[in-house]
Amino acid sequence: MGILILILKIIGVLLAVLISLVAAVAAVPVRYRASVKVQDEIEGKAVFHWLLHAVDIRLCYGHEGLAWKCRILGIPILGQQKGGQGVSGRQKERQEGASRQEESKTTEESEKREEEGSKDQAKKRVAKSIQRQKAEIVAFEEEQAKKEGRPATGTKIESESKEEAGDPGRLGRLTSFLGEGQQKVSAIKARIHNIKTLIFEETNQKAFRHILQEMKCLLHHFAPRKASGEMEFGMGDPAQTGEVLGIISFLPFWAKYQVAVTPDFMAESMHVRGELSGRGHIRICHLLPSGIRLFKDKNIHRLIAAIRQ
């Protein structure tokens with residue numbers, strides 16, 4: 001009886017730990033902060049952390065490329081340095097082994113290409129020698145014909161050589177080119193027709209509207225809570241700059257975020273400069289209901305089936 005009680009206690013503890021982990025994943029938000037700077041080049045940084053930095057992911061982008069690090073409980077698990085280098089541990093060894101295999105493959109492929117190139121060169125040399133011999137024969141026959149006062153017959157050899165080489169002529173090449181062009185045009189028209197039918201079908205439109213509705217809901221929850229910065233832009237034309245400024249002024253985030261936009265009406269070319277930063281959080285408990293609602297929608301299933309066809 002005591003052993004059964006001990007087993008039940010262990011199962012209860014494991015269930016409690018599992019339930020607490022699921023509750024933490026669903027309720028504890030993934031917090032993030034990001035900043036972007038646009039001058040001559042684009043630079044950006046982003047940090048995602050969960051449960052008091054128990055899981056910490058950092059991204060950095062600059063002129064040297066993308067760099068990222070992942071830490072769990074302060075221990076670096078994954079990472080990539082700028083320029084696409086540097087993954088620690090076993091993955092580094094795997095990458096080295098894969099690079100060695102790729103090097104061996106490239107050497108084998110280069111050797112094969114060299115062999116094929118030597119064979120092609122030999123074939124070309126043989127073809128050139130045959131052409132020279134035929135030209136010499138034609139020239140010899142023309143000289144003999146001139147001496148004997150009869151018409152030259154060397155054109156037969158040229159026609160025979162063209163027939164042997166399988167030269168279709170300009171007309172054949174033109175017809176084949178036109179046929180390929182018509183096939184490509186018909187394929188493009190068929191794709192455009194399929195896309196139109198996919199978009200304008202009533203059930204697919206319902207699926208698109210449902211997807212947009214869920215995306216707006218998620219954007220409302222996942223959008224940055226705080227954002228600030230300043231931006232300067234110019235389109236190279238004062239009229240176009242004013243139109244873009246009018247479009248930006250209608251966007252709904254001006255009352256929520258502290259972002260200053262300065263138009264440059266004197267700019268001679270299009271440019272964008274500025275610096276933006278923001279922070280917010282993401283909760284799985286908001287993502288799961290949207291995913292379940294989308295999964296239950298039969299119109300979305302039909303849309304996916306139509307896309308796969």
# chains A, B, ... in the order shown; residues from 1 in each chain; ligands from 1
call {"tool": "residues_around", "arguments": {"residues": "Val25 in chain A", "least_positions_apart": "4", "cutoff": "12 Å", "atoms": "only C-alpha atoms", "output": "list in words"}}
result
Leu18, Ile19, Ser20, Leu21, Pro29, Val30, Trp50, Leu51, Val55, Ile282, Arg283, Ile284, Cys285, His286, Leu287 and Leu288 of chain A
call {"tool": "residues_around", "arguments": {"residues": "Asp237 in chain A", "least_positions_apart": "4", "cutoff": "12 Å", "atoms": "only C-alpha atoms", "output": "list in words"}}
result
Phe233, Thr241, Gly242, Glu243, Val244, Pro263, Asp264, Phe265, Met266, Ala267, Glu268, Ser269, Met270 and His271 of chain A
call {"tool": "write_last_selection", "arguments": {"atoms": "C-alpha atoms", "output": "mmCIF file, in the first residue's frame"}}
result
data_model
loop_
_atom_site.group_PDB
_atom_site.id
_atom_site.type_symbol
_atom_site.label_atom_id
_atom_site.label_comp_id
_atom_site.auth_asym_id
_atom_site.auth_seq_id
_atom_site.Cartn_x
_atom_site.Cartn_y
_atom_site.Cartn_z
ATOM 1 C CA PHE A 233 12.141 61.147 -45.777
ATOM 2 C CA THR A 241 6.532 63.869 -50.781
ATOM 3 C CA GLY A 242 3.337 65.695 -49.822
ATOM 4 C CA GLU A 243 1.186 62.766 -50.987
ATOM 5 C CA VAL A 244 3.205 60.287 -48.923
ATOM 6 C CA PRO A 263 9.350 65.539 -44.788
ATOM 7 C CA ASP A 264 12.222 66.813 -46.937
ATOM 8 C CA PHE A 265 10.617 68.719 -49.815
ATOM 9 C CA MET A 266 13.995 69.918 -51.138
ATOM 10 C CA ALA A 267 15.431 66.417 -51.621
ATOM 11 C CA GLU A 268 16.699 65.686 -55.111
ATOM 12 C CA SER A 269 16.384 61.894 -54.733
ATOM 13 C CA MET A 270 14.389 59.451 -52.635
ATOM 14 C CA HIS A 271 15.865 58.767 -49.187
#
call {"tool": "residues_around", "arguments": {"residues": "range 189-202 of chain A", "least_positions_apart": "3", "cutoff": "10 Å", "atoms": "only C-alpha atoms", "output": "JSON list (two decimals) with C-alpha atoms, in the first residue's frame"}}
result
[["chain", "number", "residue", "atom", "x", "y", "z"],
["A", 183, "GLN", "CA", 4.05, 27.76, -74.68],
["A", 184, "LYS", "CA", 5.48, 30.15, -72.07],
["A", 185, "VAL", "CA", 2.78, 32.76, -72.75],
["A", 186, "SER", "CA", 0.02, 30.15, -72.49],
["A", 205, "GLN", "CA", -12.91, 35.44, -50.08],
["A", 206, "LYS", "CA", -14.53, 34.37, -46.81],
["A", 207, "ALA", "CA", -11.31, 32.57, -45.87],
["A", 208, "PHE", "CA", -9.22, 35.66, -46.69],
["A", 299, "ASN", "CA", -13.27, 27.66, -46.02],
["A", 303, "LEU", "CA", -8.38, 27.33, -49.77],
["A", 306, "ALA", "CA", -7.02, 24.69, -53.89],
["A", 307, "ILE", "CA", -3.50, 26.10, -53.43]]
call {"tool": "select_by_dssp", "arguments": {"residues": "range 211-276 of chain A", "states": "strand (DSSP E)", "output": "PDB file with all heavy atoms, in the first residue's frame"}}
result
ATOM      1  N   LYS A 226       5.060  50.505 -26.434  1.00  0.00           N
ATOM      2  CA  LYS A 226       5.708  51.817 -26.454  1.00  0.00           C
ATOM      3  C   LYS A 226       6.635  51.881 -27.664  1.00  0.00           C
ATOM      4  O   LYS A 226       7.326  50.924 -27.975  1.00  0.00           O
ATOM      5  CB  LYS A 226       6.515  52.050 -25.172  1.00  0.00           C
ATOM      6  CG  LYS A 226       5.668  52.154 -23.914  1.00  0.00           C
ATOM      7  CD  LYS A 226       6.544  52.420 -22.704  1.00  0.00           C
ATOM      8  CE  LYS A 226       5.707  52.533 -21.426  1.00  0.00           C
ATOM      9  NZ  LYS A 226       6.562  52.783 -20.244  1.00  0.00           N
ATOM     10  N   ALA A 227       6.639  53.001 -28.321  1.00  0.00           N
ATOM     11  CA  ALA A 227       7.517  53.218 -29.470  1.00  0.00           C
ATOM     12  C   ALA A 227       7.843  54.695 -29.562  1.00  0.00           C
ATOM     13  O   ALA A 227       7.013  55.554 -29.242  1.00  0.00           O
ATOM     14  CB  ALA A 227       6.868  52.734 -30.761  1.00  0.00           C
ATOM     15  N   SER A 228       9.047  54.985 -29.983  1.00  0.00           N
ATOM     16  CA  SER A 228       9.489  56.366 -30.124  1.00  0.00           C
ATOM     17  C   SER A 228      10.563  56.433 -31.192  1.00  0.00           C
ATOM     18  O   SER A 228      11.162  55.424 -31.569  1.00  0.00           O
ATOM     19  CB  SER A 228      10.033  56.908 -28.793  1.00  0.00           C
ATOM     20  OG  SER A 228      11.157  56.150 -28.372  1.00  0.00           O
ATOM     21  N   GLY A 229      10.796  57.629 -31.659  1.00  0.00           N
ATOM     22  CA  GLY A 229      11.833  57.825 -32.660  1.00  0.00           C
ATOM     23  C   GLY A 229      11.521  58.990 -33.555  1.00  0.00           C
ATOM     24  O   GLY A 229      10.537  59.728 -33.355  1.00  0.00           O
ATOM     25  N   GLU A 230      12.362  59.158 -34.549  1.00  0.00           N
ATOM     26  CA  GLU A 230      12.179  60.232 -35.522  1.00  0.00           C
ATOM     27  C   GLU A 230      12.616  59.736 -36.895  1.00  0.00           C
ATOM     28  O   GLU A 230      13.503  58.884 -37.009  1.00  0.00           O
ATOM     29  CB  GLU A 230      12.985  61.471 -35.123  1.00  0.00           C
ATOM     30  CG  GLU A 230      14.451  61.223 -34.896  1.00  0.00           C
ATOM     31  CD  GLU A 230      15.171  62.451 -34.388  1.00  0.00           C
ATOM     32  OE1 GLU A 230      14.481  63.391 -33.957  1.00  0.00           O
ATOM     33  OE2 GLU A 230      16.407  62.463 -34.425  1.00  0.00           O
ATOM     34  N   MET A 231      11.973  60.257 -37.922  1.00  0.00           N
ATOM     35  CA  MET A 231      12.220  59.799 -39.284  1.00  0.00           C
ATOM     36  C   MET A 231      12.158  60.988 -40.222  1.00  0.00           C
ATOM     37  O   MET A 231      11.297  61.863 -40.087  1.00  0.00           O
ATOM     38  CB  MET A 231      11.197  58.733 -39.676  1.00  0.00           C
ATOM     39  CG  MET A 231      11.421  58.127 -41.049  1.00  0.00           C
ATOM     40  SD  MET A 231      10.226  56.820 -41.429  1.00  0.00           S
ATOM     41  CE  MET A 231       8.714  57.764 -41.499  1.00  0.00           C
ATOM     42  N   GLU A 232      13.063  61.011 -41.174  1.00  0.00           N
ATOM     43  CA  GLU A 232      13.093  62.033 -42.215  1.00  0.00           C
ATOM     44  C   GLU A 232      13.082  61.328 -43.567  1.00  0.00           C
ATOM     45  O   GLU A 232      13.825  60.368 -43.780  1.00  0.00           O
ATOM     46  CB  GLU A 232      14.347  62.899 -42.079  1.00  0.00           C
ATOM     47  CG  GLU A 232      14.471  63.963 -43.150  1.00  0.00           C
ATOM     48  CD  GLU A 232      15.769  64.729 -43.054  1.00  0.00           C
ATOM     49  OE1 GLU A 232      16.441  64.604 -42.011  1.00  0.00           O
ATOM     50  OE2 GLU A 232      16.121  65.427 -44.014  1.00  0.00           O
ATOM     51  N   PHE A 233      12.240  61.794 -44.473  1.00  0.00           N
ATOM     52  CA  PHE A 233      12.141  61.147 -45.777  1.00  0.00           C
ATOM     53  C   PHE A 233      11.926  62.195 -46.853  1.00  0.00           C
ATOM     54  O   PHE A 233      11.443  63.300 -46.599  1.00  0.00           O
ATOM     55  CB  PHE A 233      10.983  60.131 -45.798  1.00  0.00           C
ATOM     56  CG  PHE A 233       9.624  60.754 -45.891  1.00  0.00           C
ATOM     57  CD1 PHE A 233       8.981  60.893 -47.116  1.00  0.00           C
ATOM     58  CD2 PHE A 233       8.977  61.235 -44.754  1.00  0.00           C
ATOM     59  CE1 PHE A 233       7.732  61.475 -47.203  1.00  0.00           C
ATOM     60  CE2 PHE A 233       7.727  61.809 -44.844  1.00  0.00           C
ATOM     61  CZ  PHE A 233       7.104  61.930 -46.066  1.00  0.00           C
ATOM     62  N   GLY A 234      12.288  61.821 -48.044  1.00  0.00           N
ATOM     63  CA  GLY A 234      12.057  62.652 -49.219  1.00  0.00           C
ATOM     64  C   GLY A 234      11.910  61.763 -50.433  1.00  0.00           C
ATOM     65  O   GLY A 234      12.593  60.749 -50.566  1.00  0.00           O
ATOM     66  N   MET A 235      10.998  62.127 -51.338  1.00  0.00           N
ATOM     67  CA  MET A 235      10.731  61.316 -52.520  1.00  0.00           C
ATOM     68  C   MET A 235      11.391  61.852 -53.778  1.00  0.00           C
ATOM     69  O   MET A 235      11.261  61.262 -54.848  1.00  0.00           O
ATOM     70  CB  MET A 235       9.209  61.242 -52.753  1.00  0.00           C
ATOM     71  CG  MET A 235       8.434  60.650 -51.590  1.00  0.00           C
ATOM     72  SD  MET A 235       8.945  58.969 -51.186  1.00  0.00           S
ATOM     73  CE  MET A 235       8.450  58.107 -52.669  1.00  0.00           C
ATOM     74  N   GLN A 258       5.111  57.923 -29.983  1.00  0.00           N
ATOM     75  CA  GLN A 258       5.816  59.199 -30.070  1.00  0.00           C
ATOM     76  C   GLN A 258       6.855  59.112 -31.189  1.00  0.00           C
ATOM     77  O   GLN A 258       8.040  58.884 -30.948  1.00  0.00           O
ATOM     78  CB  GLN A 258       6.476  59.527 -28.732  1.00  0.00           C
ATOM     79  CG  GLN A 258       5.494  59.707 -27.582  1.00  0.00           C
ATOM     80  CD  GLN A 258       6.198  59.971 -26.274  1.00  0.00           C
ATOM     81  OE1 GLN A 258       7.410  59.922 -26.185  1.00  0.00           O
ATOM     82  NE2 GLN A 258       5.414  60.252 -25.234  1.00  0.00           N
ATOM     83  N   VAL A 259       6.394  59.272 -32.395  1.00  0.00           N
ATOM     84  CA  VAL A 259       7.253  59.199 -33.574  1.00  0.00           C
ATOM     85  C   VAL A 259       7.109  60.503 -34.342  1.00  0.00           C
ATOM     86  O   VAL A 259       6.000  60.903 -34.705  1.00  0.00           O
ATOM     87  CB  VAL A 259       6.887  58.005 -34.472  1.00  0.00           C
ATOM     88  CG1 VAL A 259       7.783  57.964 -35.706  1.00  0.00           C
ATOM     89  CG2 VAL A 259       6.992  56.698 -33.700  1.00  0.00           C
ATOM     90  N   ALA A 260       8.226  61.164 -34.569  1.00  0.00           N
ATOM     91  CA  ALA A 260       8.234  62.431 -35.302  1.00  0.00           C
ATOM     92  C   ALA A 260       8.696  62.172 -36.735  1.00  0.00           C
ATOM     93  O   ALA A 260       9.758  61.588 -36.961  1.00  0.00           O
ATOM     94  CB  ALA A 260       9.181  63.421 -34.621  1.00  0.00           C
ATOM     95  N   VAL A 261       7.884  62.592 -37.695  1.00  0.00           N
ATOM     96  CA  VAL A 261       8.174  62.416 -39.115  1.00  0.00           C
ATOM     97  C   VAL A 261       8.382  63.789 -39.730  1.00  0.00           C
ATOM     98  O   VAL A 261       7.520  64.673 -39.623  1.00  0.00           O
ATOM     99  CB  VAL A 261       7.047  61.665 -39.829  1.00  0.00           C
ATOM    100  CG1 VAL A 261       7.341  61.551 -41.313  1.00  0.00           C
ATOM    101  CG2 VAL A 261       6.863  60.281 -39.218  1.00  0.00           C
ATOM    102  N   THR A 262       9.529  63.976 -40.394  1.00  0.00           N
ATOM    103  CA  THR A 262       9.879  65.254 -41.013  1.00  0.00           C
ATOM    104  C   THR A 262      10.019  65.056 -42.508  1.00  0.00           C
ATOM    105  O   THR A 262      10.905  64.295 -42.950  1.00  0.00           O
ATOM    106  CB  THR A 262      11.181  65.802 -40.437  1.00  0.00           C
ATOM    107  OG1 THR A 262      11.073  65.908 -39.007  1.00  0.00           O
ATOM    108  CG2 THR A 262      11.504  67.162 -41.027  1.00  0.00           C
ATOM    109  N   PRO A 263       9.193  65.675 -43.334  1.00  0.00           N
ATOM    110  CA  PRO A 263       9.350  65.539 -44.788  1.00  0.00           C
ATOM    111  C   PRO A 263      10.433  66.481 -45.305  1.00  0.00           C
ATOM    112  O   PRO A 263      10.600  67.606 -44.814  1.00  0.00           O
ATOM    113  CB  PRO A 263       7.972  65.919 -45.321  1.00  0.00           C
ATOM    114  CG  PRO A 263       7.431  66.849 -44.296  1.00  0.00           C
ATOM    115  CD  PRO A 263       7.978  66.420 -42.974  1.00  0.00           C
ATOM    116  N   MET A 270      15.136  60.104 -53.700  1.00  0.00           N
ATOM    117  CA  MET A 270      14.389  59.451 -52.635  1.00  0.00           C
ATOM    118  C   MET A 270      15.349  58.959 -51.558  1.00  0.00           C
ATOM    119  O   MET A 270      16.370  58.331 -51.850  1.00  0.00           O
ATOM    120  CB  MET A 270      13.582  58.279 -53.202  1.00  0.00           C
ATOM    121  CG  MET A 270      12.657  57.646 -52.179  1.00  0.00           C
ATOM    122  SD  MET A 270      11.667  56.311 -52.892  1.00  0.00           S
ATOM    123  CE  MET A 270      12.947  55.100 -53.189  1.00  0.00           C
ATOM    124  N   HIS A 271      15.035  59.222 -50.303  1.00  0.00           N
ATOM    125  CA  HIS A 271      15.865  58.767 -49.187  1.00  0.00           C
ATOM    126  C   HIS A 271      15.004  58.672 -47.930  1.00  0.00           C
ATOM    127  O   HIS A 271      13.967  59.328 -47.816  1.00  0.00           O
ATOM    128  CB  HIS A 271      17.046  59.721 -48.953  1.00  0.00           C
ATOM    129  CG  HIS A 271      16.635  61.039 -48.372  1.00  0.00           C
ATOM    130  ND1 HIS A 271      16.189  62.088 -49.145  1.00  0.00           N
ATOM    131  CD2 HIS A 271      16.591  61.472 -47.078  1.00  0.00           C
ATOM    132  CE1 HIS A 271      15.899  63.109 -48.370  1.00  0.00           C
ATOM    133  NE2 HIS A 271      16.125  62.766 -47.105  1.00  0.00           N
ATOM    134  N   VAL A 272      15.450  57.841 -47.015  1.00  0.00           N
ATOM    135  CA  VAL A 272      14.804  57.672 -45.715  1.00  0.00           C
ATOM    136  C   VAL A 272      15.903  57.590 -44.672  1.00  0.00           C
ATOM    137  O   VAL A 272      16.842  56.794 -44.800  1.00  0.00           O
ATOM    138  CB  VAL A 272      13.933  56.404 -45.657  1.00  0.00           C
ATOM    139  CG1 VAL A 272      13.325  56.240 -44.270  1.00  0.00           C
ATOM    140  CG2 VAL A 272      12.837  56.453 -46.703  1.00  0.00           C
ATOM    141  N   ARG A 273      15.806  58.408 -43.643  1.00  0.00           N
ATOM    142  CA  ARG A 273      16.762  58.394 -42.536  1.00  0.00           C
ATOM    143  C   ARG A 273      15.996  58.504 -41.234  1.00  0.00           C
ATOM    144  O   ARG A 273      14.956  59.159 -41.177  1.00  0.00           O
ATOM    145  CB  ARG A 273      17.775  59.548 -42.638  1.00  0.00           C
ATOM    146  CG  ARG A 273      18.640  59.532 -43.876  1.00  0.00           C
ATOM    147  CD  ARG A 273      19.714  60.607 -43.806  1.00  0.00           C
ATOM    148  NE  ARG A 273      20.480  60.695 -45.031  1.00  0.00           N
ATOM    149  CZ  ARG A 273      20.206  61.495 -46.045  1.00  0.00           C
ATOM    150  NH1 ARG A 273      19.147  62.320 -45.952  1.00  0.00           N
ATOM    151  NH2 ARG A 273      20.944  61.510 -47.131  1.00  0.00           N
ATOM    152  N   GLY A 274      16.542  57.886 -40.206  1.00  0.00           N
ATOM    153  CA  GLY A 274      15.891  57.999 -38.914  1.00  0.00           C
ATOM    154  C   GLY A 274      16.269  56.870 -37.981  1.00  0.00           C
ATOM    155  O   GLY A 274      17.116  56.022 -38.286  1.00  0.00           O
ATOM    156  N   GLU A 275      15.619  56.882 -36.846  1.00  0.00           N
ATOM    157  CA  GLU A 275      15.866  55.882 -35.809  1.00  0.00           C
ATOM    158  C   GLU A 275      14.560  55.615 -35.066  1.00  0.00           C
ATOM    159  O   GLU A 275      13.884  56.550 -34.628  1.00  0.00           O
ATOM    160  CB  GLU A 275      16.948  56.373 -34.842  1.00  0.00           C
ATOM    161  CG  GLU A 275      17.359  55.348 -33.810  1.00  0.00           C
ATOM    162  CD  GLU A 275      18.525  55.826 -32.970  1.00  0.00           C
ATOM    163  OE1 GLU A 275      19.003  56.968 -33.210  1.00  0.00           O
ATOM    164  OE2 GLU A 275      18.957  55.079 -32.071  1.00  0.00           O
ATOM    165  N   LEU A 276      14.199  54.338 -34.943  1.00  0.00           N
ATOM    166  CA  LEU A 276      12.968  53.932 -34.286  1.00  0.00           C
ATOM    167  C   LEU A 276      13.280  52.856 -33.251  1.00  0.00           C
ATOM    168  O   LEU A 276      14.176  52.029 -33.449  1.00  0.00           O
ATOM    169  CB  LEU A 276      11.954  53.379 -35.292  1.00  0.00           C
ATOM    170  CG  LEU A 276      11.468  54.320 -36.392  1.00  0.00           C
ATOM    171  CD1 LEU A 276      10.615  53.557 -37.388  1.00  0.00           C
ATOM    172  CD2 LEU A 276      10.699  55.485 -35.814  1.00  0.00           C
TER     173      LEU A 276
END
call {"tool": "atom_distance", "arguments": {"atom1": "CA of Ala24 in chain A", "atom2": "CA of His49 in chain A"}}
result
13.5 Å
call {"tool": "residues_around", "arguments": {"residues": "Gly62 in chain A", "least_positions_apart": "2", "cutoff": "10 Å", "atoms": "only C-alpha atoms", "output": "PDB file with N, CA, C and O atoms, in the first residue's frame"}}
result
ATOM      1  N   LYS A  37      18.008  51.657 -37.013  1.00  0.00           N
ATOM      2  CA  LYS A  37      18.650  52.919 -37.369  1.00  0.00           C
ATOM      3  C   LYS A  37      18.961  52.882 -38.858  1.00  0.00           C
ATOM      4  O   LYS A  37      19.612  51.955 -39.340  1.00  0.00           O
ATOM      5  N   GLU A  41      23.477  53.050 -44.031  1.00  0.00           N
ATOM      6  CA  GLU A  41      23.178  51.625 -44.003  1.00  0.00           C
ATOM      7  C   GLU A  41      22.116  51.366 -42.943  1.00  0.00           C
ATOM      8  O   GLU A  41      21.841  52.213 -42.099  1.00  0.00           O
ATOM      9  N   ILE A  42      21.556  50.165 -42.992  1.00  0.00           N
ATOM     10  CA  ILE A  42      20.521  49.776 -42.040  1.00  0.00           C
ATOM     11  C   ILE A  42      21.165  48.973 -40.917  1.00  0.00           C
ATOM     12  O   ILE A  42      21.881  48.009 -41.156  1.00  0.00           O
ATOM     13  N   GLU A  43      20.901  49.380 -39.679  1.00  0.00           N
ATOM     14  CA  GLU A  43      21.370  48.671 -38.503  1.00  0.00           C
ATOM     15  C   GLU A  43      20.188  48.407 -37.583  1.00  0.00           C
ATOM     16  O   GLU A  43      19.305  49.262 -37.436  1.00  0.00           O
ATOM     17  N   GLY A  44      20.169  47.238 -36.974  1.00  0.00           N
ATOM     18  CA  GLY A  44      19.051  46.897 -36.109  1.00  0.00           C
ATOM     19  C   GLY A  44      19.453  45.935 -35.010  1.00  0.00           C
ATOM     20  O   GLY A  44      20.394  45.148 -35.158  1.00  0.00           O
ATOM     21  N   LYS A  45      18.733  46.008 -33.896  1.00  0.00           N
ATOM     22  CA  LYS A  45      18.933  45.109 -32.764  1.00  0.00           C
ATOM     23  C   LYS A  45      17.566  44.678 -32.236  1.00  0.00           C
ATOM     24  O   LYS A  45      16.603  45.459 -32.271  1.00  0.00           O
ATOM     25  N   CYS A  60      21.243  40.850 -33.969  1.00  0.00           N
ATOM     26  CA  CYS A  60      21.930  42.091 -34.329  1.00  0.00           C
ATOM     27  C   CYS A  60      22.232  42.047 -35.822  1.00  0.00           C
ATOM     28  O   CYS A  60      22.776  41.051 -36.324  1.00  0.00           O
ATOM     29  N   GLU A  64      28.153  43.972 -41.395  1.00  0.00           N
ATOM     30  CA  GLU A  64      28.866  42.694 -41.415  1.00  0.00           C
ATOM     31  C   GLU A  64      27.926  41.503 -41.533  1.00  0.00           C
ATOM     32  O   GLU A  64      28.379  40.372 -41.647  1.00  0.00           O
ATOM     33  N   GLY A  65      26.616  41.719 -41.460  1.00  0.00           N
ATOM     34  CA  GLY A  65      25.669  40.628 -41.581  1.00  0.00           C
ATOM     35  C   GLY A  65      24.849  40.459 -40.316  1.00  0.00           C
ATOM     36  O   GLY A  65      24.784  41.342 -39.460  1.00  0.00           O
ATOM     37  N   LEU A  66      24.229  39.307 -40.202  1.00  0.00           N
ATOM     38  CA  LEU A  66      23.342  38.986 -39.091  1.00  0.00           C
ATOM     39  C   LEU A  66      24.089  38.185 -38.039  1.00  0.00           C
ATOM     40  O   LEU A  66      24.815  37.238 -38.351  1.00  0.00           O
ATOM     41  N   ALA A  67      23.901  38.554 -36.769  1.00  0.00           N
ATOM     42  CA  ALA A  67      24.465  37.820 -35.639  1.00  0.00           C
ATOM     43  C   ALA A  67      23.354  37.558 -34.636  1.00  0.00           C
ATOM     44  O   ALA A  67      22.483  38.410 -34.438  1.00  0.00           O
ATOM     45  N   LYS A  82      28.767  37.506 -36.716  1.00  0.00           N
ATOM     46  CA  LYS A  82      28.565  38.297 -37.917  1.00  0.00           C
ATOM     47  C   LYS A  82      29.344  37.674 -39.062  1.00  0.00           C
ATOM     48  O   LYS A  82      30.462  37.226 -38.897  1.00  0.00           O
ATOM     49  N   GLY A  83      28.726  37.707 -40.217  1.00  0.00           N
ATOM     50  CA  GLY A  83      29.336  37.079 -41.372  1.00  0.00           C
ATOM     51  C   GLY A  83      28.993  35.619 -41.501  1.00  0.00           C
ATOM     52  O   GLY A  83      29.531  34.916 -42.342  1.00  0.00           O
TER      53      GLY A  83
END
